[in-house]
file my_file-v1.cif (mmCIF, C-alpha atoms and all ligand atoms)
data_entry
#
loop_
_atom_site.label_atom_id
_atom_site.label_comp_id
_atom_site.auth_asym_id
_atom_site.auth_seq_id
_atom_site.Cartn_x
_atom_site.Cartn_y
_atom_site.Cartn_z
CA MET A 1 -12.46 7.33 -4.93
CA LEU A 2 -13.77 3.76 -5.40
CA ASN A 3 -15.05 4.54 -8.89
CA CYS A 4 -11.82 6.27 -9.81
CA GLY A 5 -9.77 3.25 -8.63
CA LEU A 6 -12.04 0.81 -10.45
CA GLU A 7 -11.65 2.85 -13.62
CA VAL A 8 -7.86 2.63 -13.29
CA LEU A 9 -8.12 -1.16 -12.93
CA ARG A 10 -10.47 -1.37 -15.92
CA LEU A 11 -7.93 0.51 -18.01
CA ALA A 12 -5.11 -1.69 -16.68
CA SER A 13 -7.12 -4.81 -17.62
CA LEU A 14 -7.77 -3.56 -21.14
CA GLY A 15 -4.12 -2.54 -21.49
CA CYS A 16 -3.09 -6.06 -20.54
CA GLY A 17 -5.47 -7.65 -23.05
CA ARG A 18 -8.00 -8.81 -20.44
CA GLU A 19 -11.69 -7.93 -20.44
CA GLU A 20 -12.37 -4.65 -18.68
CA ASN A 21 -14.11 -6.09 -15.61
CA TRP A 22 -11.40 -8.69 -14.97
CA PHE A 23 -10.78 -7.44 -11.38
CA GLU A 24 -14.41 -7.10 -10.30
CA SER A 25 -14.89 -10.65 -8.98
CA LEU A 26 -11.72 -10.27 -6.90
CA ILE A 27 -13.12 -7.11 -5.28
CA PHE A 28 -16.91 -7.70 -5.03
CA PRO A 29 -19.02 -8.50 -3.15
CA GLY A 30 -17.39 -7.51 0.11
CA THR A 31 -14.32 -5.43 -0.70
CA VAL A 32 -12.27 -4.52 2.38
CA SER A 33 -11.26 -1.21 0.75
CA SER A 34 -10.97 1.70 3.14
CA LEU A 35 -10.48 5.45 3.27
CA ALA A 36 -7.90 6.53 5.85
CA LEU A 37 -7.83 10.12 7.05
CA LEU A 38 -4.28 10.57 8.21
CA HIS A 39 -2.81 13.10 10.60
CA TYR A 40 0.91 13.22 11.30
CA PRO A 41 1.09 15.51 14.32
CA LEU A 42 3.97 17.87 14.82
CA ARG A 43 6.39 16.13 17.19
CA PRO A 44 6.69 18.02 20.47
CA CYS A 45 10.33 16.94 20.76
CA ALA A 46 13.36 16.30 18.55
CA THR A 47 12.93 13.52 15.96
CA PRO A 48 13.96 10.21 17.58
CA GLN A 49 16.93 8.44 15.96
CA ALA A 50 14.70 5.53 14.87
CA ALA A 51 12.71 7.95 12.69
CA MET A 52 15.79 9.34 10.90
CA ASP A 53 17.23 8.12 7.62
CA GLY A 54 20.61 9.84 7.68
CA ASP A 55 19.69 13.53 7.83
CA THR A 56 16.08 13.00 6.73
CA PRO A 57 13.42 12.91 9.47
CA LEU A 58 10.53 10.57 8.60
CA CYS A 59 6.94 10.36 9.81
CA CYS A 60 6.13 7.23 7.78
CA GLN A 61 8.76 4.60 7.05
CA ASP A 62 9.68 2.99 3.73
CA HIS A 63 6.94 0.55 2.67
CA ALA A 64 4.72 -0.61 -0.19
CA ASP A 65 0.96 -0.80 0.34
CA SER A 66 -0.61 -4.29 0.49
CA VAL A 67 -3.46 -3.29 -1.80
CA LEU A 68 -4.32 -3.28 -5.51
CA VAL A 69 -3.94 0.51 -5.85
CA THR A 70 -3.91 3.44 -3.43
CA LEU A 71 -5.28 6.85 -4.37
CA LEU A 72 -3.83 9.57 -2.24
CA ASP A 73 -4.78 13.20 -1.66
CA THR A 74 -1.89 14.97 0.05
CA PHE A 75 -3.78 18.28 0.22
CA GLN A 76 -0.74 19.88 -1.38
CA TYR A 77 1.49 19.03 1.58
CA PRO A 78 4.97 18.05 0.43
CA GLY A 79 6.89 15.12 1.95
CA LEU A 80 5.75 12.05 0.02
CA GLN A 81 8.77 10.31 -1.51
CA ILE A 82 9.04 7.33 -3.85
CA TRP A 83 11.99 4.98 -4.37
CA ARG A 84 13.42 5.17 -7.86
CA GLU A 85 14.96 2.29 -9.74
CA ASP A 86 18.30 4.12 -9.74
CA GLY A 87 18.35 3.79 -5.96
CA GLN A 88 17.34 7.28 -4.85
CA TRP A 89 14.38 8.76 -3.04
CA MET A 90 12.43 11.24 -5.13
CA GLU A 91 10.01 13.80 -3.72
CA VAL A 92 6.62 13.54 -5.44
CA PRO A 93 5.87 17.00 -6.89
CA VAL A 94 2.83 18.71 -5.43
CA ARG A 95 0.22 19.18 -8.14
CA PRO A 96 -3.12 20.90 -7.34
CA ASN A 97 -6.38 19.06 -8.11
CA SER A 98 -4.59 15.73 -8.54
CA LEU A 99 -4.44 12.41 -6.77
CA VAL A 100 -1.27 10.35 -6.39
CA MET A 101 -1.64 6.68 -7.30
CA ASN A 102 0.55 4.00 -5.76
CA ILE A 103 0.64 0.44 -7.09
CA GLY A 104 0.15 -2.08 -4.27
CA GLN A 105 1.78 -5.46 -3.63
CA THR A 106 -1.36 -7.37 -4.61
CA LEU A 107 -1.60 -5.79 -8.08
CA SER A 108 2.12 -6.36 -8.51
CA ALA A 109 1.81 -10.08 -7.71
CA ILE A 110 -1.33 -10.59 -9.79
CA SER A 111 0.28 -8.92 -12.80
CA GLY A 112 3.41 -11.07 -12.39
CA GLY A 113 5.42 -7.94 -11.55
CA ARG A 114 4.44 -6.02 -14.70
CA PHE A 115 2.98 -3.33 -12.43
CA LYS A 116 5.62 -2.72 -9.78
CA ALA A 117 4.62 -2.00 -6.20
CA THR A 118 5.55 1.60 -5.34
CA ARG A 119 8.02 1.82 -2.45
CA HIS A 120 7.31 5.07 -0.66
CA ARG A 121 7.70 6.94 2.62
CA VAL A 122 6.81 10.32 4.10
CA ARG A 123 9.41 12.87 5.11
CA ASP A 124 8.60 14.69 8.33
CA ILE A 125 7.96 18.24 7.14
CA LEU A 126 7.98 19.48 10.74
CA VAL A 127 4.42 20.83 10.67
CA ASP A 128 1.08 19.06 11.23
CA ARG A 129 0.50 17.07 8.03
CA PHE A 130 -2.78 15.66 6.75
CA SER A 131 -3.57 13.29 3.90
CA ALA A 132 -6.40 11.03 2.75
CA ALA A 133 -5.56 7.59 1.38
CA PHE A 134 -8.08 5.38 -0.37
CA PHE A 135 -6.87 1.76 -0.30
CA LEU A 136 -8.58 -0.22 -3.07
CA GLU A 137 -8.47 -3.82 -1.90
CA PRO A 138 -9.90 -7.23 -2.81
CA LYS A 139 -12.69 -8.87 -0.86
CA TYR A 140 -11.64 -10.80 2.28
CA ASP A 141 -11.86 -14.16 0.52
CA GLY A 142 -10.58 -12.87 -2.86
CA ASP A 143 -8.23 -15.39 -4.50
CA ILE A 144 -4.86 -13.64 -4.74
CA THR A 145 -3.21 -16.51 -6.62
CA VAL A 146 -5.01 -15.52 -9.85
CA ARG A 147 -2.68 -14.15 -12.52
CA MET A 148 -3.41 -11.69 -15.35
CA PHE A 149 -1.02 -13.50 -17.66
CA GLY A 150 -1.84 -17.20 -17.24
CA THR A 151 0.14 -19.63 -15.05
CA GLU A 152 -2.41 -19.30 -12.23
CA GLY A 153 -0.82 -20.01 -8.86
CA GLU A 154 2.78 -19.42 -9.94
CA ASP A 155 4.92 -16.51 -8.75
CA ASN A 156 3.42 -16.50 -5.28
CA ARG A 157 5.12 -13.40 -4.03
CA LEU A 158 2.38 -13.02 -1.47
CA GLN A 159 3.10 -16.28 0.32
CA SER A 160 3.72 -16.28 4.05
CA GLU A 161 6.86 -17.83 5.46
CA GLU A 162 5.24 -21.21 6.01
CA GLU A 163 2.64 -21.63 3.29
CA VAL A 164 0.98 -20.12 0.26
CA ILE A 165 -1.98 -18.11 1.51
CA LYS A 166 -4.65 -18.13 -1.17
CA HIS A 167 -6.99 -15.42 0.09
CA TYR A 168 -6.45 -11.69 0.63
CA GLY A 169 -7.84 -11.31 4.18
CA PRO A 170 -5.85 -14.14 5.78
CA TRP A 171 -2.70 -13.00 3.91
CA LEU A 172 -3.14 -9.44 5.21
CA ILE A 173 -3.65 -10.60 8.80
CA ASP A 174 -0.59 -12.87 8.56
CA LYS A 175 1.45 -9.96 7.22
CA MET A 176 0.37 -7.66 10.05
CA ARG A 177 1.08 -10.31 12.64
CA ASN A 178 4.65 -10.52 11.44
CA LYS A 179 5.28 -6.77 11.63
CA PRO A 180 7.66 -5.85 14.44
CA GLU A 181 5.26 -3.13 15.68
CA TYR A 182 2.43 -5.67 16.01
CA ARG A 183 4.65 -8.21 17.77
CA ASP A 184 5.72 -5.49 20.22
CA PHE A 185 2.08 -4.54 20.75
CA VAL A 186 1.04 -8.12 21.48
CA ALA A 187 4.00 -8.56 23.83
CA LEU A 188 2.91 -5.38 25.63
CA GLU A 189 -0.71 -6.58 25.87
CA PHE A 190 0.38 -9.87 27.41
CA SER A 191 2.79 -8.22 29.80
CA THR A 192 -0.04 -6.12 31.25
CA VAL A 193 -2.42 -9.04 31.90
O1 LIG B 201 0.43 10.37 3.90
C1 LIG B 201 0.95 10.06 2.84
O2 LIG B 201 1.27 10.90 1.99
C2 LIG B 201 1.21 8.60 2.53
C3 LIG B 201 0.53 7.63 3.46
C4 LIG B 201 0.88 6.21 3.17
O3 LIG B 201 1.79 5.90 2.46
C5 LIG B 201 0.07 5.13 3.78
O4 LIG B 201 -0.76 5.41 4.67
O5 LIG B 201 0.24 3.97 3.39
FE FE B 202 1.60 3.83 1.91
#

call {"tool": "encode", "arguments": {"input": "my_file-v1.cif", "output": "C-alpha cells", "more": "lines below"}}
Ligand SMILES: O=C(O)CCC(=O)C(=O)O
Ligand SMILES: [Fe+2]
result
Amino acid sequence: MLNCGLEVLRLASLGCGREENWFESLIFPGTVSSLALLHYPLRPCATPQAAMDGDTPLCCQDHADSVLVTLLDTFQYPGLQIWREDGQWMEVPVRPNSLVMNIGQTLSAISGGRFKATRHRVRDILVDRFSAAFFLEPKYDGDITVRMFGTEGEDNRLQSEEEVIKHYGPWLIDKMRNKPEYRDFVALEFSTV
C-alpha cells in the first residue's frame, strides 16, 4: 500500500511539473502513515437519530481525511459515498480487484487546492461491514506549509483557530482535540476522576 501511494504521489508530482520525489522529504524519515482495519458492526438496535441523514442511516459521518492520500479496500462491500460538486452524494461503484483513492486535506492544501480533498461518508448497509484503509501521511515534523506551486506559506488552509501550525503532527493533534467526540471523551475522563 505504501509503495502504491508513493507511486501516486510521484505521478502527481510529475504531472504538476515537479521532480518525481518532491513529496519524499515530507514523508521520510518517520512517516506516521497507518493501516486501519475497520469493522462497522451490525447495530443491535434501530439506527439512532444522530446517525441518520434524512432517510439514510450512516456508520461513518461526512468527513475528509487529514492525510495526503488514502487507499481503501472495501472488500466489495457497498456503502462508501462521495460528495459531488453538484451537491449530491454518490455511491462509489464496487469494482473487484481495485482500491479506492481519496485525496486528503494535506495534499489539497499543499497543492493549493488543485487536488481537492474528497468529502466522503459510509452508509450503514445494515450488515457487518469491513474495510482496510491505508492513510499515507507526512512525518510528524513534516512542514505542511510547503506548496507545490510556489508562494510557500500562503493559503494556510491547515491553520488552527489561533495560529498557523507548521508541522503535520501538531496540526493533527490540534485538529483531534477540537473534534466534538474528543472533547466529550476528555470531559468524561475528567468527570470520572
Ligand atoms: O470504510 C470505509 O469505506 C471508509 C472509511 C473512512 O472513510 C475512514 O476511515 O476515514
Ligand atoms: Fe475517511

call {"tool": "atom_distance", "arguments": {"input": "my_file-v1.cif", "atom1": "CA of Asn102 in chain A", "atom2": "atom C1 of ligand LIG 201 (chain B)"}}
result
10.5 Å

call {"tool": "residues_near_ligand", "arguments": {"input": "my_file-v1.cif", "ligand": "ligand FE 202 (chain B)", "cutoff": "7 Å", "atoms": "only C-alpha atoms and all ligand atoms", "output": "PDB file with C-alpha atoms, in the frame of the given file"}}
result
ATOM      1  CA  HIS A  63       6.940   0.550   2.670  1.00  0.00           C
ATOM      2  CA  ALA A  64       4.720  -0.610  -0.190  1.00  0.00           C
ATOM      3  CA  ASP A  65       0.960  -0.800   0.340  1.00  0.00           C
ATOM      4  CA  HIS A 120       7.310   5.070  -0.660  1.00  0.00           C
ATOM      5  CA  ARG A 121       7.700   6.940   2.620  1.00  0.00           C
TER       6      ARG A 121
END

call {"tool": "residues_near_ligand", "arguments": {"input": "my_file-v1.cif", "ligand": "ligand LIG 201 (chain B)", "cutoff": "9 Å", "atoms": "only C-alpha atoms and all ligand atoms", "output": "ChimeraX atom specification"}}
result
/A:36-40,59-66,70,72-74,77-81,100,102,119-123,129-135

call {"tool": "write_last_selection", "arguments": {"input": "my_file-v1.cif", "atoms": "C-alpha atoms", "output": "CSV table (one decimal), keeping the file's coordinate frame"}}
result
chain,number,residue,atom,x,y,z
A,36,ALA,CA,-7.9,6.5,5.8
A,37,LEU,CA,-7.8,10.1,7.0
A,38,LEU,CA,-4.3,10.6,8.2
A,39,HIS,CA,-2.8,13.1,10.6
A,40,TYR,CA,0.9,13.2,11.3
A,59,CYS,CA,6.9,10.4,9.8
A,60,CYS,CA,6.1,7.2,7.8
A,61,GLN,CA,8.8,4.6,7.0
A,62,ASP,CA,9.7,3.0,3.7
A,63,HIS,CA,6.9,0.6,2.7
A,64,ALA,CA,4.7,-0.6,-0.2
A,65,ASP,CA,1.0,-0.8,0.3
A,66,SER,CA,-0.6,-4.3,0.5
A,70,THR,CA,-3.9,3.4,-3.4
A,72,LEU,CA,-3.8,9.6,-2.2
A,73,ASP,CA,-4.8,13.2,-1.7
A,74,THR,CA,-1.9,15.0,0.0
A,77,TYR,CA,1.5,19.0,1.6
A,78,PRO,CA,5.0,18.0,0.4
A,79,GLY,CA,6.9,15.1,2.0
A,80,LEU,CA,5.8,12.0,0.0
A,81,GLN,CA,8.8,10.3,-1.5
A,100,VAL,CA,-1.3,10.4,-6.4
A,102,ASN,CA,0.6,4.0,-5.8
A,119,ARG,CA,8.0,1.8,-2.4
A,120,HIS,CA,7.3,5.1,-0.7
A,121,ARG,CA,7.7,6.9,2.6
A,122,VAL,CA,6.8,10.3,4.1
A,123,ARG,CA,9.4,12.9,5.1
A,129,ARG,CA,0.5,17.1,8.0
A,130,PHE,CA,-2.8,15.7,6.8
A,131,SER,CA,-3.6,13.3,3.9
A,132,ALA,CA,-6.4,11.0,2.8
A,133,ALA,CA,-5.6,7.6,1.4
A,134,PHE,CA,-8.1,5.4,-0.4
A,135,PHE,CA,-6.9,1.8,-0.3

call {"tool": "axis_aligned_box", "arguments": {"input": "my_file-v1.cif", "around": "range 130-139 of chain A", "padding_each_side": "3 Å", "output": "lines of an AutoDock Vina configuration file"}}
result
center_x = -7.7
center_y = 3.4
center_z = 1.8
size_x = 15.9
size_y = 30.5
size_z = 15.8

call {"tool": "closest_residue", "arguments": {"input": "my_file-v1.cif", "among": "A:Leu42, A:Trp89, A:Phe149, A:Glu24", "to": "Arg114 in chain A", "atoms": "only C-alpha atoms"}}
result
A:Phe149

call {"tool": "closest_residue", "arguments": {"input": "my_file-v1.cif", "among": "A:Leu2, A:Ala46, A:Met52, A:Leu58", "to": "Ile125 in chain A", "atoms": "only C-alpha atoms"}}
result
A:Leu58

call {"tool": "atom_distance", "arguments": {"input": "my_file-v1.cif", "atom1": "CA of Gln49 in chain A", "atom2": "CA of Asp124 in chain A"}}
result
12.9 Å

call {"tool": "atom_distance", "arguments": {"input": "my_file-v1.cif", "atom1": "CA of Lys175 in chain A", "atom2": "CA of Leu26 in chain A"}}
result
19.3 Å

call {"tool": "closest_residue", "arguments": {"input": "my_file-v1.cif", "among": "A:Leu126, A:Ser111, A:Gly17, A:Glu137", "to": "Thr47 in chain A", "atoms": "all atoms listed in the file"}}
result
A:Leu126

call {"tool": "closest_residue", "arguments": {"input": "my_file-v1.cif", "among": "A:Met148, A:Ile165, A:Val8, A:Asp174", "to": "Gly113 in chain A", "atoms": "all atoms listed in the file"}}
result
A:Met148

call {"tool": "closest_residue", "arguments": {"input": "my_file-v1.cif", "among": "A:Leu14, A:Ala117, A:Cys45, A:Leu188", "to": "Trp83 in chain A", "atoms": "only C-alpha atoms"}}
result
A:Ala117

call {"tool": "residues_around", "arguments": {"input": "my_file-v1.cif", "residues": "Trp22 in chain A", "least_positions_apart": "6", "cutoff": "12 Å", "atoms": "only C-alpha atoms", "output": "list in words"}}
result
Leu6, Glu7, Val8, Leu9, Arg10, Leu11, Ala12, Ser13, Leu14, Gly15, Cys16, Phe28, Ile110, Ser111, Val146, Arg147, Met148 and Phe149 of chain A
